[in-house]
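Engineer: There's a structure below that I have some questions on.
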Amino acid sequence: MKPGAAQPVDDALLRAWPLPPVAQDGDKESRGSVLVVAGSREMPGAAVLAGTAALRAGAGKLVIATPQSAAPAVAAAVPEARVIALPEGSDGSPTVSGLAALQEIASATEALLVGPGMMGRAGTVEFVRALLPLFRGATVLLDALAMDAVMPLGRFTQPVILTPHCGEMAHLTGHEKEDLEEEPFQVARRQAAAWNAVLTLKGATTAIATPDGRLWCHRSQAPGLGTSGSGDVLAGLIAGLAARGAPPQQAAAWGVALHARAGAVLAQRQGRVGYLARELAAEVPALLQALES
């Protein structure tokens, strides 16, 4: 498959594919609520980065659920969020005993992001498998370790977005990373259909595919985006856009584009590498306004 078969995610596409409008007289309820399940005792910052990015993308309300060892740090770092402390196992993953607190807010959640900064594969996969049925009314984004849930599940039965880079995709599929890098479009389309998910295969060339075979392509020369926490920001942006009412494929395309454009702004201001992931989200509101005007 040639890259030309994919529709480019550029300014023309974004302007022709506007996000759900923001009501002038609306409030935070009208822009949707996002639940970010993320972080761990070793990586509490991932929850902070993802949650902040969701708000910068325009989500109205933010709840962060994080293992109890990380909760105080996350609550202090994101005063805009309600923070739920989840019971955690010996490997640092949240346990299914914490599901009751999340079930209480499921019906009021438009978008659910799970995975950034989480620890403990077995415990995380068990938790995600039990969590998904509670959020059938929400758009779900699985990132980082939470994507491993696709291996036992095989195929999703609800709207799901997956955001692997080629290394993670190699782990999920058993293929060689180098082979995936050579055929990102073919791989994205095939696995989106197999998993019944919107697949965002990240890289300098990012392929976004839907289960029914639609395909978008975003190209960016932004080496500075290859930095710790950058993927957490991207996941948060996509979740925030989904909370606003964007369908999964639109949230993914816009999120990838905004993430890259934020990197470009920082590269021009600070240099091609060396800017921090936590600086990306603050550039997004102005970029959104420019594209939506």
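Chain labels run A, B, ... following the order of the structure tokens; each chain numbers its residues from 1, and ligands are numbered from 1 in the order shown.
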Can you build me a table of segment 22-101 of chain A residues sitting at most 10 Å from segment 227-232 of chain A, with the closest atom pair per residue and its distance in Å to one decimal, using only C-alpha atoms, sorted by chain and residue number, as JSON lines?
Structural biologist:
{"residue": "A:Ala38", "atom": "CA", "partner": "A:Asp232", "partner_atom": "CA", "distance": 9.4}
{"residue": "A:Met43", "atom": "CA", "partner": "A:Gly229", "partner_atom": "CA", "distance": 9.9}
{"residue": "A:Gly45", "atom": "CA", "partner": "A:Gly229", "partner_atom": "CA", "distance": 8.1}
{"residue": "A:Ala46", "atom": "CA", "partner": "A:Asp232", "partner_atom": "CA", "distance": 6.0}
{"residue": "A:Ala47", "atom": "CA", "partner": "A:Asp232", "partner_atom": "CA", "distance": 7.8}
{"residue": "A:Val48", "atom": "CA", "partner": "A:Asp232", "partner_atom": "CA", "distance": 8.9}
{"residue": "A:Leu49", "atom": "CA", "partner": "A:Asp232", "partner_atom": "CA", "distance": 6.0}
{"residue": "A:Ala50", "atom": "CA", "partner": "A:Asp232", "partner_atom": "CA", "distance": 5.0}
{"residue": "A:Gly51", "atom": "CA", "partner": "A:Asp232", "partner_atom": "CA", "distance": 8.8}
{"residue": "A:Thr52", "atom": "CA", "partner": "A:Asp232", "partner_atom": "CA", "distance": 9.9}
{"residue": "A:Ala53", "atom": "CA", "partner": "A:Asp232", "partner_atom": "CA", "distance": 8.4}
Engineer: Set out as a tab-separated table a contact list for segment 160-212 of chain A and segment 90-113 of chain A with a cut-off of 12 Å, giving each residue of segment 160-212 of chain A that qualifies its closest atom pair and distance in Å to one decimal, counting only C-alpha atoms, ordered by chain and rising residue number.
Structural biologist:
residue	atom	partner	partner_atom	distance
A:Val160	CA	A:Leu112	CA	9.5
A:Ile161	CA	A:Leu113	CA	9.3
A:Leu162	CA	A:Leu113	CA	10.1
A:Thr163	CA	A:Leu113	CA	10.9
Engineer: Could the residues in this selection be saved with N, CA and C atoms as a short mmCIF file (atom, residue, chain, number, x, y, z; two decimals), in the first residue's frame?
Structural biologist:
data_model
loop_
_atom_site.label_atom_id
_atom_site.label_comp_id
_atom_site.auth_asym_id
_atom_site.auth_seq_id
_atom_site.Cartn_x
_atom_site.Cartn_y
_atom_site.Cartn_z
N VAL A 160 -13.01 2.18 20.85
CA VAL A 160 -11.69 2.19 21.49
C VAL A 160 -10.68 2.82 20.53
N ILE A 161 -9.78 3.61 21.09
CA ILE A 161 -8.64 4.17 20.36
C ILE A 161 -7.37 3.57 20.98
N LEU A 162 -6.46 3.11 20.15
CA LEU A 162 -5.16 2.62 20.60
C LEU A 162 -4.07 3.52 20.03
N THR A 163 -3.03 3.79 20.82
CA THR A 163 -2.00 4.75 20.40
C THR A 163 -0.59 4.19 20.52
#
Engineer: Hey, what does DSSP flag as alpha helix (DSSP H) within segment 51-269 of chain A? Can you give it to me as JSON, numbers by chain?
Structural biologist: {"A": [51, 52, 53, 54, 55, 56, 71, 72, 73, 74, 75, 76, 77, 99, 100, 101, 102, 103, 121, 122, 123, 124, 125, 126, 127, 128, 129, 130, 131, 150, 151, 152, 153, 166, 167, 168, 169, 170, 171, 172, 173, 177, 178, 179, 180, 181, 182, 184, 185, 186, 187, 188, 189, 190, 191, 192, 193, 194, 195, 230, 231, 232, 233, 234, 235, 236, 237, 238, 239, 240, 241, 242, 243, 248, 249, 250, 251, 252, 253, 254, 255, 256, 257, 258, 259, 260, 261, 262, 263, 264, 265, 266, 267, 268, 269]}
Engineer: Hey, can you check how far atom CA of Leu14 of chain A sits from atom CA of Leu241 of chain A?
Structural biologist: 13.3 Å
Engineer: Determine which residues of segment 46-105 of chain A receive a DSSP assignment of strand (DSSP E), computed from the backbone, and state them as a PyMOL selection string.
Structural biologist: chain A and resi 61-67+82-86
Engineer: I'd like the contact shell of Ala65 of chain A - 10 Å cut-off, only C-alpha atoms, skipping same-chain residues fewer than 3 positions apart - returned as a tab-separated table (two decimals) with N, CA and C atoms, in the first residue's frame.
Structural biologist:
chain	number	residue	atom	x	y	z
A	35	LEU	N	-12.17	11.02	32.17
A	35	LEU	CA	-11.57	10.28	33.28
A	35	LEU	C	-10.23	9.75	32.82
A	36	VAL	N	-9.17	10.11	33.51
A	36	VAL	CA	-7.82	9.64	33.21
A	36	VAL	C	-7.41	8.66	34.30
A	37	VAL	N	-7.22	7.41	33.93
A	37	VAL	CA	-6.72	6.39	34.85
A	37	VAL	C	-5.26	6.18	34.49
A	38	ALA	N	-4.37	6.66	35.33
A	38	ALA	CA	-2.96	6.72	34.93
A	38	ALA	C	-2.08	6.89	36.15
A	39	GLY	N	-0.78	6.77	35.90
A	39	GLY	CA	0.21	7.01	36.94
A	39	GLY	C	0.51	5.79	37.80
A	47	ALA	N	0.16	10.88	34.85
A	47	ALA	CA	-1.23	11.27	35.08
A	47	ALA	C	-1.40	12.78	35.01
A	62	LEU	N	-12.44	17.17	34.61
A	62	LEU	CA	-11.37	16.17	34.67
A	62	LEU	C	-11.41	15.42	35.99
A	68	GLN	N	-3.01	4.81	44.99
A	68	GLN	CA	-3.03	5.65	46.18
A	68	GLN	C	-1.66	6.22	46.53
A	70	ALA	N	0.41	7.47	44.50
A	70	ALA	CA	0.67	8.62	43.64
A	70	ALA	C	-0.35	9.73	43.84
A	71	ALA	N	-1.47	9.43	44.47
A	71	ALA	CA	-2.58	10.38	44.53
A	71	ALA	C	-2.22	11.73	45.16
A	74	VAL	N	-0.30	13.84	42.59
A	74	VAL	CA	-1.14	14.21	41.44
A	74	VAL	C	-2.14	15.30	41.84
A	81	ALA	N	-8.43	19.07	38.97
A	81	ALA	CA	-8.98	17.73	38.86
A	81	ALA	C	-9.53	17.21	40.18
A	82	ARG	N	-10.56	16.39	40.07
A	82	ARG	CA	-10.93	15.51	41.17
A	82	ARG	C	-10.00	14.31	41.09
A	83	VAL	N	-9.40	13.93	42.19
A	83	VAL	CA	-8.44	12.83	42.19
A	83	VAL	C	-8.98	11.70	43.05
A	84	ILE	N	-9.07	10.51	42.44
A	84	ILE	CA	-9.52	9.31	43.14
A	84	ILE	C	-8.31	8.41	43.39
A	85	ALA	N	-8.08	8.06	44.63
A	85	ALA	CA	-6.97	7.17	45.00
A	85	ALA	C	-7.42	5.72	44.88
A	86	LEU	N	-6.75	4.96	44.03
A	86	LEU	CA	-7.11	3.57	43.80
A	86	LEU	C	-6.26	2.62	44.64
A	94	PRO	N	-3.27	-0.81	39.73
A	94	PRO	CA	-4.52	-0.68	40.47
A	94	PRO	C	-5.23	-2.04	40.53
A	98	GLY	N	-10.89	-1.29	43.29
A	98	GLY	CA	-11.12	0.13	43.10
A	98	GLY	C	-12.15	0.46	42.05
A	101	ALA	N	-15.56	2.77	42.82
A	101	ALA	CA	-15.50	4.23	42.80
A	101	ALA	C	-15.60	4.77	41.39
A	102	LEU	N	-15.08	4.04	40.42
A	102	LEU	CA	-15.13	4.48	39.03
A	102	LEU	C	-16.49	4.21	38.40
A	114	VAL	N	-6.88	5.35	29.69
A	114	VAL	CA	-6.25	4.42	30.62
A	114	VAL	C	-4.84	4.09	30.13
Engineer: List the spatial neighbours of Ala197 of chain A as a tab-separated table (two decimals) with N, CA and C atoms, in the first residue's frame - criterion: any atom at most 12 Å away, only C-alpha atoms, same-chain residues fewer than 6 positions off excluded.
Structural biologist:
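Done, and the output landed in result.tsv:
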chain	number	residue	atom	x	y	z
A	139	THR	N	-16.10	7.06	24.93
A	139	THR	CA	-14.99	6.73	24.04
A	139	THR	C	-13.80	6.37	24.91
A	140	VAL	N	-13.19	5.24	24.64
A	140	VAL	CA	-12.08	4.73	25.47
A	140	VAL	C	-10.78	4.83	24.69
A	141	LEU	N	-9.75	5.36	25.32
A	141	LEU	CA	-8.41	5.39	24.74
A	141	LEU	C	-7.50	4.57	25.64
A	142	LEU	N	-6.85	3.56	25.06
A	142	LEU	CA	-5.89	2.76	25.78
A	142	LEU	C	-4.49	3.12	25.29
A	147	MET	N	-2.62	-0.99	26.73
A	147	MET	CA	-2.86	-1.59	25.42
A	147	MET	C	-2.66	-3.10	25.42
A	150	VAL	N	-5.41	-5.77	24.76
A	150	VAL	CA	-5.91	-6.25	23.46
A	150	VAL	C	-5.49	-7.70	23.21
A	154	GLY	N	-8.51	-9.69	22.20
A	154	GLY	CA	-8.50	-9.98	20.78
A	154	GLY	C	-9.26	-8.97	19.94
A	155	ARG	N	-10.46	-8.61	20.33
A	155	ARG	CA	-11.29	-7.70	19.55
A	155	ARG	C	-12.23	-6.94	20.50
A	156	PHE	N	-12.31	-5.64	20.31
A	156	PHE	CA	-13.12	-4.81	21.19
A	156	PHE	C	-14.57	-4.78	20.71
A	157	THR	N	-15.46	-4.59	21.65
A	157	THR	CA	-16.89	-4.52	21.34
A	157	THR	C	-17.46	-3.14	21.66
A	158	GLN	N	-16.60	-2.15	21.84
A	158	GLN	CA	-17.03	-0.78	22.13
A	158	GLN	C	-16.02	0.16	21.50
A	159	PRO	N	-16.35	1.47	21.36
A	159	PRO	CA	-15.42	2.40	20.72
A	159	PRO	C	-14.10	2.52	21.49
A	160	VAL	N	-13.01	2.18	20.85
A	160	VAL	CA	-11.69	2.19	21.49
A	160	VAL	C	-10.68	2.82	20.53
A	161	ILE	N	-9.78	3.61	21.09
A	161	ILE	CA	-8.64	4.17	20.36
A	161	ILE	C	-7.37	3.57	20.98
A	162	LEU	N	-6.46	3.11	20.15
A	162	LEU	CA	-5.16	2.62	20.60
A	162	LEU	C	-4.07	3.52	20.03
A	163	THR	N	-3.03	3.79	20.82
A	163	THR	CA	-2.00	4.75	20.40
A	163	THR	C	-0.59	4.19	20.52
A	188	ALA	N	-1.40	-0.53	10.14
A	188	ALA	CA	-2.45	0.18	10.86
A	188	ALA	C	-3.82	-0.25	10.37
A	189	ARG	N	-3.99	-0.32	9.06
A	189	ARG	CA	-5.30	-0.71	8.51
A	189	ARG	C	-5.64	-2.15	8.89
A	190	ARG	N	-4.68	-3.04	8.81
A	190	ARG	CA	-4.94	-4.44	9.13
A	190	ARG	C	-5.30	-4.63	10.59
A	191	GLN	N	-4.55	-4.01	11.50
A	191	GLN	CA	-4.79	-4.22	12.92
A	191	GLN	C	-6.01	-3.46	13.41
A	208	ILE	N	-3.31	6.71	10.96
A	208	ILE	CA	-4.55	6.60	11.74
A	208	ILE	C	-5.54	5.81	10.90
A	209	ALA	N	-6.00	4.68	11.42
A	209	ALA	CA	-6.88	3.79	10.66
A	209	ALA	C	-8.11	3.44	11.47
A	210	THR	N	-9.22	3.25	10.77
A	210	THR	CA	-10.47	2.83	11.38
A	210	THR	C	-10.77	1.38	11.03
A	211	PRO	N	-11.63	0.72	11.79
A	211	PRO	CA	-11.95	-0.68	11.49
A	211	PRO	C	-12.52	-0.90	10.09
A	212	ASP	N	-13.18	0.11	9.53
A	212	ASP	CA	-13.77	-0.05	8.20
A	212	ASP	C	-12.83	0.33	7.07
A	213	GLY	N	-11.55	0.55	7.38
A	213	GLY	CA	-10.54	0.74	6.36
A	213	GLY	C	-10.18	2.16	6.00
A	214	ARG	N	-10.81	3.16	6.61
A	214	ARG	CA	-10.42	4.54	6.33
A	214	ARG	C	-9.05	4.83	6.92
A	248	PRO	N	-14.05	9.09	17.52
A	248	PRO	CA	-12.69	8.60	17.78
A	248	PRO	C	-11.67	8.96	16.71
A	249	GLN	N	-12.01	8.76	15.43
A	249	GLN	CA	-11.03	9.03	14.37
A	249	GLN	C	-10.72	10.52	14.25
A	252	ALA	N	-8.46	11.48	17.20
A	252	ALA	CA	-7.09	11.01	16.97
A	252	ALA	C	-6.37	11.91	15.97
Engineer: Fewer than 6 positions away in the same chain doesn't count, so skip those; otherwise give me all residues within 12 Å of segment 274-276 of chain A, counting only C-alpha atoms, as a ChimeraX atom specification.
Structural biologist: /A:49,222-231,233,262-268,282
